[in-house]
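Structure file work05.pdb (PDB, C-alpha atoms and all ligand atoms) is printed below.
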```pdb
ATOM      1  CA  MET A   1     -46.643  -0.712 -38.487  1.00  0.00           C
ATOM      2  CA  LEU A   2     -46.731  -0.050 -42.251  1.00  0.00           C
ATOM      3  CA  ARG A   3     -48.668  -2.566 -44.356  1.00  0.00           C
ATOM      4  CA  GLY A   4     -46.216  -5.021 -45.858  1.00  0.00           C
ATOM      5  CA  ALA A   5     -43.321  -4.100 -43.526  1.00  0.00           C
ATOM      6  CA  ALA A   6     -41.920  -7.135 -41.753  1.00  0.00           C
ATOM      7  CA  ALA A   7     -42.120  -7.102 -37.944  1.00  0.00           C
ATOM      8  CA  PRO A   8     -38.621  -6.908 -36.416  1.00  0.00           C
ATOM      9  CA  THR A   9     -37.508 -10.379 -35.424  1.00  0.00           C
ATOM     10  CA  ALA A  10     -35.387 -11.320 -32.433  1.00  0.00           C
ATOM     11  CA  THR A  11     -32.580 -11.920 -34.905  1.00  0.00           C
ATOM     12  CA  ASP A  12     -32.773  -8.320 -36.169  1.00  0.00           C
ATOM     13  CA  GLU A  13     -32.467  -7.079 -32.588  1.00  0.00           C
ATOM     14  CA  GLN A  14     -29.575  -9.442 -31.874  1.00  0.00           C
ATOM     15  CA  LYS A  15     -27.780  -8.329 -35.048  1.00  0.00           C
ATOM     16  CA  LYS A  16     -28.108  -4.668 -34.017  1.00  0.00           C
ATOM     17  CA  GLU A  17     -26.780  -5.502 -30.556  1.00  0.00           C
ATOM     18  CA  LEU A  18     -23.769  -7.324 -32.056  1.00  0.00           C
ATOM     19  CA  GLU A  19     -23.064  -4.389 -34.380  1.00  0.00           C
ATOM     20  CA  LYS A  20     -23.094  -2.034 -31.402  1.00  0.00           C
ATOM     21  CA  ILE A  21     -20.712  -4.301 -29.473  1.00  0.00           C
ATOM     22  CA  GLU A  22     -18.349  -4.446 -32.498  1.00  0.00           C
ATOM     23  CA  LEU A  23     -18.395  -0.636 -32.711  1.00  0.00           C
ATOM     24  CA  ILE A  24     -17.613  -0.377 -28.999  1.00  0.00           C
ATOM     25  CA  LYS A  25     -14.753  -2.885 -29.270  1.00  0.00           C
ATOM     26  CA  LYS A  26     -13.290  -1.136 -32.340  1.00  0.00           C
ATOM     27  CA  ASN A  27     -13.106   2.097 -30.372  1.00  0.00           C
ATOM     28  CA  ILE A  28     -11.204   0.760 -27.356  1.00  0.00           C
ATOM     29  CA  GLY A  29      -7.577   1.914 -27.703  1.00  0.00           C
ATOM     30  CA  LEU A  30      -4.694  -0.544 -27.151  1.00  0.00           C
ATOM     31  CA  TYR A  31      -1.428   0.729 -25.638  1.00  0.00           C
ATOM     32  CA  PRO A  32       1.377  -1.793 -24.964  1.00  0.00           C
ATOM     33  CA  ASP A  33       3.587  -1.287 -21.892  1.00  0.00           C
ATOM     34  CA  PHE A  34       1.396   1.268 -20.122  1.00  0.00           C
ATOM     35  CA  PRO A  35       1.494   2.185 -17.267  1.00  0.00           C
ATOM     36  CA  LYS A  36       4.368  -0.267 -16.935  1.00  0.00           C
ATOM     37  CA  ALA A  37       6.222  -2.854 -19.039  1.00  0.00           C
ATOM     38  CA  GLY A  38       4.224  -5.989 -19.786  1.00  0.00           C
ATOM     39  CA  VAL A  39       0.763  -4.425 -19.368  1.00  0.00           C
ATOM     40  CA  LEU A  40      -1.408  -4.032 -22.485  1.00  0.00           C
ATOM     41  CA  PHE A  41      -3.533  -1.039 -21.552  1.00  0.00           C
ATOM     42  CA  ARG A  42      -7.116  -1.131 -22.902  1.00  0.00           C
ATOM     43  CA  ASP A  43      -8.180   2.506 -23.084  1.00  0.00           C
ATOM     44  CA  THR A  44     -11.972   2.734 -22.833  1.00  0.00           C
ATOM     45  CA  CYS A  45     -11.817   6.566 -22.820  1.00  0.00           C
ATOM     46  CA  THR A  46     -11.191   6.492 -26.583  1.00  0.00           C
ATOM     47  CA  ILE A  47     -14.862   5.464 -27.016  1.00  0.00           C
ATOM     48  CA  LEU A  48     -15.833   8.962 -25.862  1.00  0.00           C
ATOM     49  CA  ARG A  49     -14.149  10.514 -28.911  1.00  0.00           C
ATOM     50  CA  GLN A  50     -16.718   8.857 -31.176  1.00  0.00           C
ATOM     51  CA  PRO A  51     -20.305   9.898 -30.382  1.00  0.00           C
ATOM     52  CA  ASN A  52     -21.743   6.938 -32.335  1.00  0.00           C
ATOM     53  CA  ALA A  53     -19.686   4.496 -30.307  1.00  0.00           C
ATOM     54  CA  PHE A  54     -20.520   6.279 -27.042  1.00  0.00           C
ATOM     55  CA  GLN A  55     -24.237   6.224 -27.925  1.00  0.00           C
ATOM     56  CA  ALA A  56     -23.994   2.492 -28.741  1.00  0.00           C
ATOM     57  CA  LEU A  57     -22.243   1.920 -25.410  1.00  0.00           C
ATOM     58  CA  LYS A  58     -24.945   3.746 -23.484  1.00  0.00           C
ATOM     59  CA  GLU A  59     -27.688   1.743 -25.208  1.00  0.00           C
ATOM     60  CA  VAL A  60     -25.987  -1.611 -24.659  1.00  0.00           C
ATOM     61  CA  LEU A  61     -25.293  -0.878 -20.978  1.00  0.00           C
ATOM     62  CA  VAL A  62     -28.826   0.332 -20.239  1.00  0.00           C
ATOM     63  CA  GLN A  63     -30.327  -2.655 -22.063  1.00  0.00           C
ATOM     64  CA  CYS A  64     -28.065  -4.962 -20.067  1.00  0.00           C
ATOM     65  CA  VAL A  65     -29.340  -3.518 -16.777  1.00  0.00           C
ATOM     66  CA  ARG A  66     -32.959  -3.832 -17.962  1.00  0.00           C
ATOM     67  CA  VAL A  67     -32.461  -7.477 -18.965  1.00  0.00           C
ATOM     68  CA  HIS A  68     -29.952  -8.884 -16.452  1.00  0.00           C
ATOM     69  CA  PHE A  69     -30.227  -6.646 -13.392  1.00  0.00           C
ATOM     70  CA  VAL A  70     -33.908  -5.693 -13.236  1.00  0.00           C
ATOM     71  CA  GLU A  71     -34.002  -5.246  -9.469  1.00  0.00           C
ATOM     72  CA  THR A  72     -31.322  -2.489  -9.514  1.00  0.00           C
ATOM     73  CA  GLU A  73     -32.253   0.426  -7.237  1.00  0.00           C
ATOM     74  CA  CYS A  74     -29.051   2.393  -7.562  1.00  0.00           C
ATOM     75  CA  ILE A  75     -25.820   2.439  -9.546  1.00  0.00           C
ATOM     76  CA  GLY A  76     -22.443   2.520  -7.774  1.00  0.00           C
ATOM     77  CA  GLY A  77     -19.567   3.640  -9.992  1.00  0.00           C
ATOM     78  CA  LEU A  78     -15.803   3.396  -9.509  1.00  0.00           C
ATOM     79  CA  ASP A  79     -13.465   6.404  -9.669  1.00  0.00           C
ATOM     80  CA  ALA A  80     -12.359   7.361 -12.260  1.00  0.00           C
ATOM     81  CA  ARG A  81     -13.392   5.521 -15.403  1.00  0.00           C
ATOM     82  CA  GLY A  82     -16.547   4.036 -13.880  1.00  0.00           C
ATOM     83  CA  PHE A  83     -17.741   7.652 -13.568  1.00  0.00           C
ATOM     84  CA  LEU A  84     -17.891   7.908 -17.362  1.00  0.00           C
ATOM     85  CA  ILE A  85     -20.655   5.326 -17.621  1.00  0.00           C
ATOM     86  CA  GLY A  86     -22.358   5.073 -14.213  1.00  0.00           C
ATOM     87  CA  PRO A  87     -24.127   8.453 -14.248  1.00  0.00           C
ATOM     88  CA  ILE A  88     -25.478   8.069 -17.799  1.00  0.00           C
ATOM     89  CA  ILE A  89     -26.985   4.673 -16.928  1.00  0.00           C
ATOM     90  CA  ALA A  90     -28.439   5.989 -13.663  1.00  0.00           C
ATOM     91  CA  LEU A  91     -29.929   9.051 -15.340  1.00  0.00           C
ATOM     92  CA  GLU A  92     -31.508   6.999 -18.114  1.00  0.00           C
ATOM     93  CA  LEU A  93     -33.086   4.699 -15.501  1.00  0.00           C
ATOM     94  CA  ARG A  94     -33.960   7.635 -13.188  1.00  0.00           C
ATOM     95  CA  ILE A  95     -32.193   6.046 -10.220  1.00  0.00           C
ATOM     96  CA  PRO A  96     -29.435   7.430  -7.942  1.00  0.00           C
ATOM     97  CA  PHE A  97     -25.718   7.242  -8.728  1.00  0.00           C
ATOM     98  CA  ILE A  98     -23.277   6.639  -5.850  1.00  0.00           C
ATOM     99  CA  PRO A  99     -19.582   7.471  -6.371  1.00  0.00           C
ATOM    100  CA  ILE A 100     -16.928   5.105  -5.018  1.00  0.00           C
ATOM    101  CA  ARG A 101     -13.737   7.183  -4.950  1.00  0.00           C
ATOM    102  CA  LYS A 102     -10.014   6.708  -4.450  1.00  0.00           C
ATOM    103  CA  ARG A 103      -8.830   7.389  -0.898  1.00  0.00           C
ATOM    104  CA  GLY A 104      -8.964  10.962   0.441  1.00  0.00           C
ATOM    105  CA  LYS A 105     -11.353  12.477  -2.105  1.00  0.00           C
ATOM    106  CA  LEU A 106     -14.728  12.224  -0.354  1.00  0.00           C
ATOM    107  CA  PRO A 107     -15.860  14.493   2.514  1.00  0.00           C
ATOM    108  CA  GLY A 108     -17.848  13.431   5.577  1.00  0.00           C
ATOM    109  CA  LYS A 109     -17.843  10.012   7.251  1.00  0.00           C
ATOM    110  CA  VAL A 110     -16.390   7.439   4.885  1.00  0.00           C
ATOM    111  CA  THR A 111     -15.672   3.704   4.850  1.00  0.00           C
ATOM    112  CA  THR A 112     -12.380   2.532   3.299  1.00  0.00           C
ATOM    113  CA  GLU A 113     -11.189  -0.705   1.666  1.00  0.00           C
ATOM    114  CA  GLU A 114      -7.651  -1.419   0.425  1.00  0.00           C
ATOM    115  CA  TYR A 115      -6.929  -3.654  -2.564  1.00  0.00           C
ATOM    116  CA  THR A 116      -4.430  -4.797  -5.197  1.00  0.00           C
ATOM    117  CA  LYS A 117      -5.004  -4.355  -8.941  1.00  0.00           C
ATOM    118  CA  GLU A 118      -3.165  -5.413 -12.126  1.00  0.00           C
ATOM    119  CA  TYR A 119      -0.453  -2.754 -11.759  1.00  0.00           C
ATOM    120  CA  GLY A 120      -0.391  -1.625  -8.136  1.00  0.00           C
ATOM    121  CA  LYS A 121      -2.091  -1.061  -4.770  1.00  0.00           C
ATOM    122  CA  ASP A 122      -4.894   1.375  -3.991  1.00  0.00           C
ATOM    123  CA  ALA A 123      -7.818   2.111  -1.660  1.00  0.00           C
ATOM    124  CA  VAL A 124     -11.442   3.018  -2.341  1.00  0.00           C
ATOM    125  CA  GLU A 125     -13.884   4.924  -0.174  1.00  0.00           C
ATOM    126  CA  ILE A 126     -17.616   5.548   0.004  1.00  0.00           C
ATOM    127  CA  GLN A 127     -19.639   8.117   1.949  1.00  0.00           C
ATOM    128  CA  ASP A 128     -21.564   6.166   4.577  1.00  0.00           C
ATOM    129  CA  GLU A 129     -24.644   8.366   4.150  1.00  0.00           C
ATOM    130  CA  SER A 130     -24.832   7.504   0.426  1.00  0.00           C
ATOM    131  CA  VAL A 131     -25.841   3.885   1.094  1.00  0.00           C
ATOM    132  CA  THR A 132     -29.315   3.104   2.416  1.00  0.00           C
ATOM    133  CA  ALA A 133     -29.362  -0.172   4.376  1.00  0.00           C
ATOM    134  CA  GLY A 134     -30.596  -2.963   2.112  1.00  0.00           C
ATOM    135  CA  ALA A 135     -30.391  -0.872  -1.094  1.00  0.00           C
ATOM    136  CA  LYS A 136     -29.925  -3.098  -4.165  1.00  0.00           C
ATOM    137  CA  ILE A 137     -26.827  -1.705  -5.869  1.00  0.00           C
ATOM    138  CA  LEU A 138     -25.347  -2.504  -9.284  1.00  0.00           C
ATOM    139  CA  LEU A 139     -21.618  -1.706  -9.464  1.00  0.00           C
ATOM    140  CA  VAL A 140     -20.227  -0.438 -12.765  1.00  0.00           C
ATOM    141  CA  ASP A 141     -16.692   0.096 -14.002  1.00  0.00           C
ATOM    142  CA  ASP A 142     -14.973   0.316 -17.365  1.00  0.00           C
ATOM    143  CA  LEU A 143     -12.817  -2.782 -17.053  1.00  0.00           C
ATOM    144  CA  LEU A 144     -12.269  -5.988 -15.098  1.00  0.00           C
ATOM    145  CA  ALA A 145      -8.628  -7.108 -14.903  1.00  0.00           C
ATOM    146  CA  THR A 146      -7.593  -8.926 -11.679  1.00  0.00           C
ATOM    147  CA  GLY A 147     -10.922  -8.015 -10.097  1.00  0.00           C
ATOM    148  CA  GLY A 148      -9.279  -6.239  -7.136  1.00  0.00           C
ATOM    149  CA  SER A 149     -11.116  -2.933  -7.635  1.00  0.00           C
ATOM    150  CA  LEU A 150     -14.592  -4.400  -7.979  1.00  0.00           C
ATOM    151  CA  GLN A 151     -14.045  -6.934  -5.211  1.00  0.00           C
ATOM    152  CA  ALA A 152     -12.990  -4.142  -2.831  1.00  0.00           C
ATOM    153  CA  SER A 153     -16.044  -2.125  -3.892  1.00  0.00           C
ATOM    154  CA  CYS A 154     -18.341  -5.090  -3.171  1.00  0.00           C
ATOM    155  CA  ASN A 155     -16.775  -5.298   0.316  1.00  0.00           C
ATOM    156  CA  LEU A 156     -17.294  -1.563   0.831  1.00  0.00           C
ATOM    157  CA  ILE A 157     -21.005  -1.744   0.035  1.00  0.00           C
ATOM    158  CA  GLU A 158     -21.391  -4.743   2.324  1.00  0.00           C
ATOM    159  CA  LYS A 159     -19.653  -2.866   5.170  1.00  0.00           C
ATOM    160  CA  CYS A 160     -22.239  -0.082   4.694  1.00  0.00           C
ATOM    161  CA  TYR A 161     -25.147  -2.584   4.758  1.00  0.00           C
ATOM    162  CA  GLY A 162     -26.033  -2.205   1.089  1.00  0.00           C
ATOM    163  CA  GLU A 163     -26.623  -5.226  -1.167  1.00  0.00           C
ATOM    164  CA  VAL A 164     -24.545  -5.592  -4.339  1.00  0.00           C
ATOM    165  CA  ILE A 165     -26.780  -7.403  -6.807  1.00  0.00           C
ATOM    166  CA  GLY A 166     -24.251  -7.507  -9.644  1.00  0.00           C
ATOM    167  CA  CYS A 167     -21.365  -5.911 -11.507  1.00  0.00           C
ATOM    168  CA  LEU A 168     -21.294  -4.535 -15.041  1.00  0.00           C
ATOM    169  CA  VAL A 169     -18.150  -3.653 -16.999  1.00  0.00           C
ATOM    170  CA  ILE A 170     -17.428  -2.585 -20.560  1.00  0.00           C
ATOM    171  CA  ALA A 171     -14.437  -4.917 -20.954  1.00  0.00           C
ATOM    172  CA  GLU A 172     -13.092  -8.044 -19.248  1.00  0.00           C
ATOM    173  CA  ILE A 173      -9.537  -9.405 -19.553  1.00  0.00           C
ATOM    174  CA  GLU A 174     -10.419 -13.059 -19.169  1.00  0.00           C
ATOM    175  CA  ASN A 175      -6.946 -14.526 -18.668  1.00  0.00           C
ATOM    176  CA  LEU A 176      -6.507 -12.522 -15.441  1.00  0.00           C
ATOM    177  CA  HIS A 177      -9.488 -14.424 -13.960  1.00  0.00           C
ATOM    178  CA  GLY A 178     -10.890 -11.379 -12.142  1.00  0.00           C
ATOM    179  CA  ARG A 179     -14.393 -12.841 -12.424  1.00  0.00           C
ATOM    180  CA  ALA A 180     -13.448 -15.481  -9.818  1.00  0.00           C
ATOM    181  CA  GLN A 181     -12.964 -12.710  -7.204  1.00  0.00           C
ATOM    182  CA  ILE A 182     -16.431 -11.240  -7.666  1.00  0.00           C
ATOM    183  CA  PRO A 183     -19.073 -12.663  -5.312  1.00  0.00           C
ATOM    184  CA  VAL A 184     -22.076 -11.588  -7.466  1.00  0.00           C
ATOM    185  CA  PRO A 185     -23.157 -12.081 -11.108  1.00  0.00           C
ATOM    186  CA  LEU A 186     -20.891 -10.093 -13.445  1.00  0.00           C
ATOM    187  CA  HIS A 187     -21.698  -9.049 -16.998  1.00  0.00           C
ATOM    188  CA  SER A 188     -19.091  -7.778 -19.502  1.00  0.00           C
ATOM    189  CA  ILE A 189     -19.805  -6.329 -22.933  1.00  0.00           C
ATOM    190  CA  VAL A 190     -16.407  -6.993 -24.588  1.00  0.00           C
ATOM    191  CA  LYS A 191     -14.188  -9.953 -23.690  1.00  0.00           C
ATOM    192  CA  TYR A 192     -10.424 -10.195 -24.342  1.00  0.00           C
TER     193      TYR A 192
HETATM  194  O1  LIG B   1      -9.590  -5.495 -12.018  1.00  0.00           O
HETATM  195  P1  LIG B   1      -8.464  -4.651 -11.513  1.00  0.00           P
HETATM  196  O2  LIG B   1      -7.147  -5.342 -11.564  1.00  0.00           O
HETATM  197  O3  LIG B   1      -8.756  -4.062 -10.164  1.00  0.00           O
HETATM  198  O4  LIG B   1      -8.275  -3.438 -12.534  1.00  0.00           O
HETATM  199  C1  LIG B   1      -9.346  -2.744 -13.080  1.00  0.00           C
HETATM  200  C2  LIG B   1      -9.343  -1.317 -12.633  1.00  0.00           C
HETATM  201  O5  LIG B   1      -8.121  -0.669 -13.008  1.00  0.00           O
HETATM  202  C3  LIG B   1      -8.421   0.531 -13.701  1.00  0.00           C
HETATM  203  O6  LIG B   1      -8.588   1.617 -12.796  1.00  0.00           O
HETATM  204  P2  LIG B   1      -7.397   2.447 -12.194  1.00  0.00           P
HETATM  205  O7  LIG B   1      -7.568   2.425 -10.727  1.00  0.00           O
HETATM  206  O8  LIG B   1      -6.087   1.966 -12.705  1.00  0.00           O
HETATM  207  O9  LIG B   1      -7.527   3.889 -12.790  1.00  0.00           O
HETATM  208  P3  LIG B   1      -8.675   4.930 -13.083  1.00  0.00           P
HETATM  209  O10 LIG B   1      -8.651   5.863 -11.901  1.00  0.00           O
HETATM  210  O11 LIG B   1      -8.195   5.548 -14.357  1.00  0.00           O
HETATM  211  O12 LIG B   1      -9.995   4.275 -13.255  1.00  0.00           O
HETATM  212  C4  LIG B   1      -9.739   0.252 -14.369  1.00  0.00           C
HETATM  213  O13 LIG B   1     -10.424   1.476 -14.660  1.00  0.00           O
HETATM  214  C5  LIG B   1     -10.474  -0.552 -13.324  1.00  0.00           C
HETATM  215  O14 LIG B   1     -11.103   0.285 -12.360  1.00  0.00           O
HETATM  216  N1  LIG B   2      -4.873  -3.766 -18.932  1.00  0.00           N
HETATM  217  C1  LIG B   2      -5.598  -2.742 -18.465  1.00  0.00           C
HETATM  218  N2  LIG B   2      -6.050  -1.796 -19.305  1.00  0.00           N
HETATM  219  C2  LIG B   2      -6.788  -0.756 -18.820  1.00  0.00           C
HETATM  220  N3  LIG B   2      -7.100  -0.601 -17.535  1.00  0.00           N
HETATM  221  C3  LIG B   2      -6.655  -1.529 -16.679  1.00  0.00           C
HETATM  222  N4  LIG B   2      -6.823  -1.652 -15.350  1.00  0.00           N
HETATM  223  C4  LIG B   2      -6.171  -2.751 -14.964  1.00  0.00           C
HETATM  224  N5  LIG B   2      -5.595  -3.373 -15.995  1.00  0.00           N
HETATM  225  C5  LIG B   2      -5.891  -2.619 -17.083  1.00  0.00           C
HETATM  226 MG    MG B   3     -10.672   2.403 -12.693  1.00  0.00          MG
END
```
As a first step, turn the structure in this file into structure tokens.
Amino acid sequence: MLRGAAAPTATDEQKKELEKIELIKKNIGLYPDFPKAGVLFRDTCTILRQPNAFQALKEVLVQCVRVHFVETECIGGLDARGFLIGPIIALELRIPFIPIRKRGKLPGKVTTEEYTKEYGKDAVEIQDESVTAGAKILLVDDLLATGGSLQASCNLIEKCYGEVIGCLVIAEIENLHGRAQIPVPLHSIVKY
């Protein structure tokens, strides 16, 4: 440290974190009535157009895992938008990434779980061989709305004898109460 330079305080760190979160929030696109009337679509993909915002997102997510989910052994990510963040977190932490895909996309022996989300029905699948029994898995996705997608993914991991230790999302739509469906601690970066 340079003579005379003040040591960074916790407040400096917190300020930086808040600035990053503001930058992330500013870069989430809002599209009314998509994909159907009455839904305000929060487009997290728009963050990827701005490298500074994407960098901030990566740093905030990785820090969140290091602070709140220290025991994480692998990252499970949801098709499709969870794939944008899961692998970069996993790579930074040098741990495996496991894809949870929409029905019919994964080869080999798979386990399936059906669910309902904010604007329709769907099903997710996981390759059985990708989950080691007892593995401590953190699930990541871009957004929590009704919680159907993440809840189904928690069930999938359980069916394959993995242990979901938590869920991490970029954004949470609080008035849809998705958090109540999730049986593990959930952390969101931006709240609406
Ligand atoms: O909390 P929920 O009500 O389940 O909704 C949240 C999910 O909905 C969106 O995915 P979607 O399956 O629509 O599309 P994607 O393939 O673009 O990720 C979003 O990316 C979350 O995965
Ligand atoms: N309002 C919303 N915006 C973006 N993705 C979603 N997935 C479910 N609801 C959504
Ligand atoms: Mg999705």
Between chain A and ligand MG 3 (chain B), at 9 Å or less, what are the per-residue closest atom pairs and their distances in Å? Count all atoms listed in the file, order by chain and rising residue number, and return it as JSON lines.
```
{"residue": "A:Leu78", "atom": "CA", "partner": "B:MG3", "partner_atom": "MG", "distance": 6.1}
{"residue": "A:Asp79", "atom": "CA", "partner": "B:MG3", "partner_atom": "MG", "distance": 5.7}
{"residue": "A:Ala80", "atom": "CA", "partner": "B:MG3", "partner_atom": "MG", "distance": 5.3}
{"residue": "A:Arg81", "atom": "CA", "partner": "B:MG3", "partner_atom": "MG", "distance": 4.9}
{"residue": "A:Gly82", "atom": "CA", "partner": "B:MG3", "partner_atom": "MG", "distance": 6.2}
{"residue": "A:Phe83", "atom": "CA", "partner": "B:MG3", "partner_atom": "MG", "distance": 8.8}
{"residue": "A:Asp141", "atom": "CA", "partner": "B:MG3", "partner_atom": "MG", "distance": 6.6}
{"residue": "A:Asp142", "atom": "CA", "partner": "B:MG3", "partner_atom": "MG", "distance": 6.7}
{"residue": "A:Leu143", "atom": "CA", "partner": "B:MG3", "partner_atom": "MG", "distance": 7.1}
{"residue": "A:Leu144", "atom": "CA", "partner": "B:MG3", "partner_atom": "MG", "distance": 8.9}
{"residue": "A:Ser149", "atom": "CA", "partner": "B:MG3", "partner_atom": "MG", "distance": 7.4}
```
* Please extract the residues at most 6 Å from ligand LIG 2 (chain B), counting all atoms listed in the file, and provide them as a list in words, using the chain letters and residue numbers of this document. =>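 Result of the 6 Å neighbour search around ligand LIG 2 (chain B): Val39, Leu40, Phe41, Arg42, Asp43, Glu118 and Ala145 of chain A.
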Between region 143-165 of chain A and region 122-137 of chain A, at 10 Å or less, what are the per-residue closest atom pairs and their distances in Å? Count only C-alpha atoms, order by chain and rising residue number, and return it as a tab-separated table.
```
residue	atom	partner	partner_atom	distance
A:Gly148	CA	A:Asp122	CA	9.3
A:Ser149	CA	A:Val124	CA	8.0
A:Leu150	CA	A:Val124	CA	9.8
A:Ala152	CA	A:Val124	CA	7.3
A:Ser153	CA	A:Val124	CA	7.1
A:Cys154	CA	A:Ile137	CA	9.5
A:Leu156	CA	A:Ile126	CA	7.2
A:Ile157	CA	A:Val131	CA	7.5
A:Glu158	CA	A:Gly134	CA	9.4
A:Lys159	CA	A:Asp128	CA	9.3
A:Cys160	CA	A:Asp128	CA	6.3
A:Tyr161	CA	A:Ala133	CA	4.9
A:Gly162	CA	A:Gly134	CA	4.7
A:Glu163	CA	A:Lys136	CA	4.9
A:Val164	CA	A:Ile137	CA	4.8
A:Ile165	CA	A:Ile137	CA	5.8
```
In Å and to one decimal, CA of Ser188 (chain A) is distant from CA of Val110 (chain A) by 28.9 Å
- Item | Val70 (chain A) surroundings by all atoms listed in the file, 12 Å radius, close-in-sequence under 4 positions cut, as a list in words |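 Counting all atoms listed in the file, the residues come to Val62, Gln63, Cys64, Val65, Arg66, Cys74, Leu93, Lys136, Ile137, Leu138, Ile165 and Gly166 of chain A.
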Selected residue of minimal separation from Ile95 (chain A) among A:Gly29, A:Gly76, A:Pro51, A:Pro107, counting all atoms listed in the file |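 The answer is A:Gly76, which sits nearest to Ile95 (chain A).
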**Message:** So, with all atoms listed in the file as the atoms that count, which of A:Gln14, A:Gln55, A:Thr46, A:Thr146 lies closest to ligand LIG 1 (chain B)?
**Reply:**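 Once distances to ligand LIG 1 (chain B) are computed over all atoms listed in the file, the minimum belongs to A:Thr146.
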Report task. Using CA of Lys16 (chain A) and CA of Pro185 (chain A) as the two end points, give the distance in Å to one decimal. Result ->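 Separation between CA of Lys16 (chain A) and CA of Pro185 (chain A): 24.6 Å.
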Any chance you could work out the axis-aligned box around region 18-35 of chain A, listed atoms only, 5 Å on each side, giving centre and edge lengths in Å to one decimal, as JSON?
```
{"center_x": -10.1, "center_y": -2.6, "center_z": -25.8, "size_x": 37.4, "size_y": 19.5, "size_z": 27.1}
```
Once N, CA and C atoms are restored for region 83-98 of chain A, what would the output be as a PDB file, in the frame of the given file?
```pdb
ATOM      1  N   PHE A  83     -16.926   6.429 -13.602  1.00  0.00           N
ATOM      2  CA  PHE A  83     -17.741   7.652 -13.568  1.00  0.00           C
ATOM      3  C   PHE A  83     -18.194   8.067 -14.972  1.00  0.00           C
ATOM      4  N   LEU A  84     -17.536   7.521 -15.982  1.00  0.00           N
ATOM      5  CA  LEU A  84     -17.891   7.908 -17.362  1.00  0.00           C
ATOM      6  C   LEU A  84     -19.175   7.213 -17.804  1.00  0.00           C
ATOM      7  N   ILE A  85     -19.467   6.084 -17.190  1.00  0.00           N
ATOM      8  CA  ILE A  85     -20.655   5.326 -17.621  1.00  0.00           C
ATOM      9  C   ILE A  85     -21.749   5.247 -16.557  1.00  0.00           C
ATOM     10  N   GLY A  86     -21.359   5.227 -15.275  1.00  0.00           N
ATOM     11  CA  GLY A  86     -22.358   5.073 -14.213  1.00  0.00           C
ATOM     12  C   GLY A  86     -23.453   6.126 -14.249  1.00  0.00           C
ATOM     13  N   PRO A  87     -23.083   7.415 -14.291  1.00  0.00           N
ATOM     14  CA  PRO A  87     -24.127   8.453 -14.248  1.00  0.00           C
ATOM     15  C   PRO A  87     -25.072   8.426 -15.454  1.00  0.00           C
ATOM     16  N   ILE A  88     -24.567   8.069 -16.632  1.00  0.00           N
ATOM     17  CA  ILE A  88     -25.478   8.069 -17.799  1.00  0.00           C
ATOM     18  C   ILE A  88     -26.474   6.907 -17.708  1.00  0.00           C
ATOM     19  N   ILE A  89     -26.050   5.804 -17.122  1.00  0.00           N
ATOM     20  CA  ILE A  89     -26.985   4.673 -16.928  1.00  0.00           C
ATOM     21  C   ILE A  89     -28.027   5.070 -15.880  1.00  0.00           C
ATOM     22  N   ALA A  90     -27.546   5.625 -14.764  1.00  0.00           N
ATOM     23  CA  ALA A  90     -28.439   5.989 -13.663  1.00  0.00           C
ATOM     24  C   ALA A  90     -29.474   7.023 -14.113  1.00  0.00           C
ATOM     25  N   LEU A  91     -29.018   7.998 -14.889  1.00  0.00           N
ATOM     26  CA  LEU A  91     -29.929   9.051 -15.340  1.00  0.00           C
ATOM     27  C   LEU A  91     -30.996   8.482 -16.270  1.00  0.00           C
ATOM     28  N   GLU A  92     -30.558   7.616 -17.173  1.00  0.00           N
ATOM     29  CA  GLU A  92     -31.508   6.999 -18.114  1.00  0.00           C
ATOM     30  C   GLU A  92     -32.575   6.193 -17.360  1.00  0.00           C
ATOM     31  N   LEU A  93     -32.155   5.534 -16.279  1.00  0.00           N
ATOM     32  CA  LEU A  93     -33.086   4.699 -15.501  1.00  0.00           C
ATOM     33  C   LEU A  93     -33.763   5.480 -14.372  1.00  0.00           C
ATOM     34  N   ARG A  94     -33.393   6.764 -14.245  1.00  0.00           N
ATOM     35  CA  ARG A  94     -33.960   7.635 -13.188  1.00  0.00           C
ATOM     36  C   ARG A  94     -33.768   7.038 -11.802  1.00  0.00           C
ATOM     37  N   ILE A  95     -32.529   6.572 -11.551  1.00  0.00           N
ATOM     38  CA  ILE A  95     -32.193   6.046 -10.220  1.00  0.00           C
ATOM     39  C   ILE A  95     -30.921   6.754  -9.745  1.00  0.00           C
ATOM     40  N   PRO A  96     -30.615   6.707  -8.439  1.00  0.00           N
ATOM     41  CA  PRO A  96     -29.435   7.430  -7.942  1.00  0.00           C
ATOM     42  C   PRO A  96     -28.110   6.819  -8.411  1.00  0.00           C
ATOM     43  N   PHE A  97     -27.092   7.673  -8.474  1.00  0.00           N
ATOM     44  CA  PHE A  97     -25.718   7.242  -8.728  1.00  0.00           C
ATOM     45  C   PHE A  97     -24.895   7.508  -7.469  1.00  0.00           C
ATOM     46  N   ILE A  98     -24.135   6.494  -7.040  1.00  0.00           N
ATOM     47  CA  ILE A  98     -23.277   6.639  -5.850  1.00  0.00           C
ATOM     48  C   ILE A  98     -21.813   6.528  -6.276  1.00  0.00           C
TER      49      ILE A  98
END
```
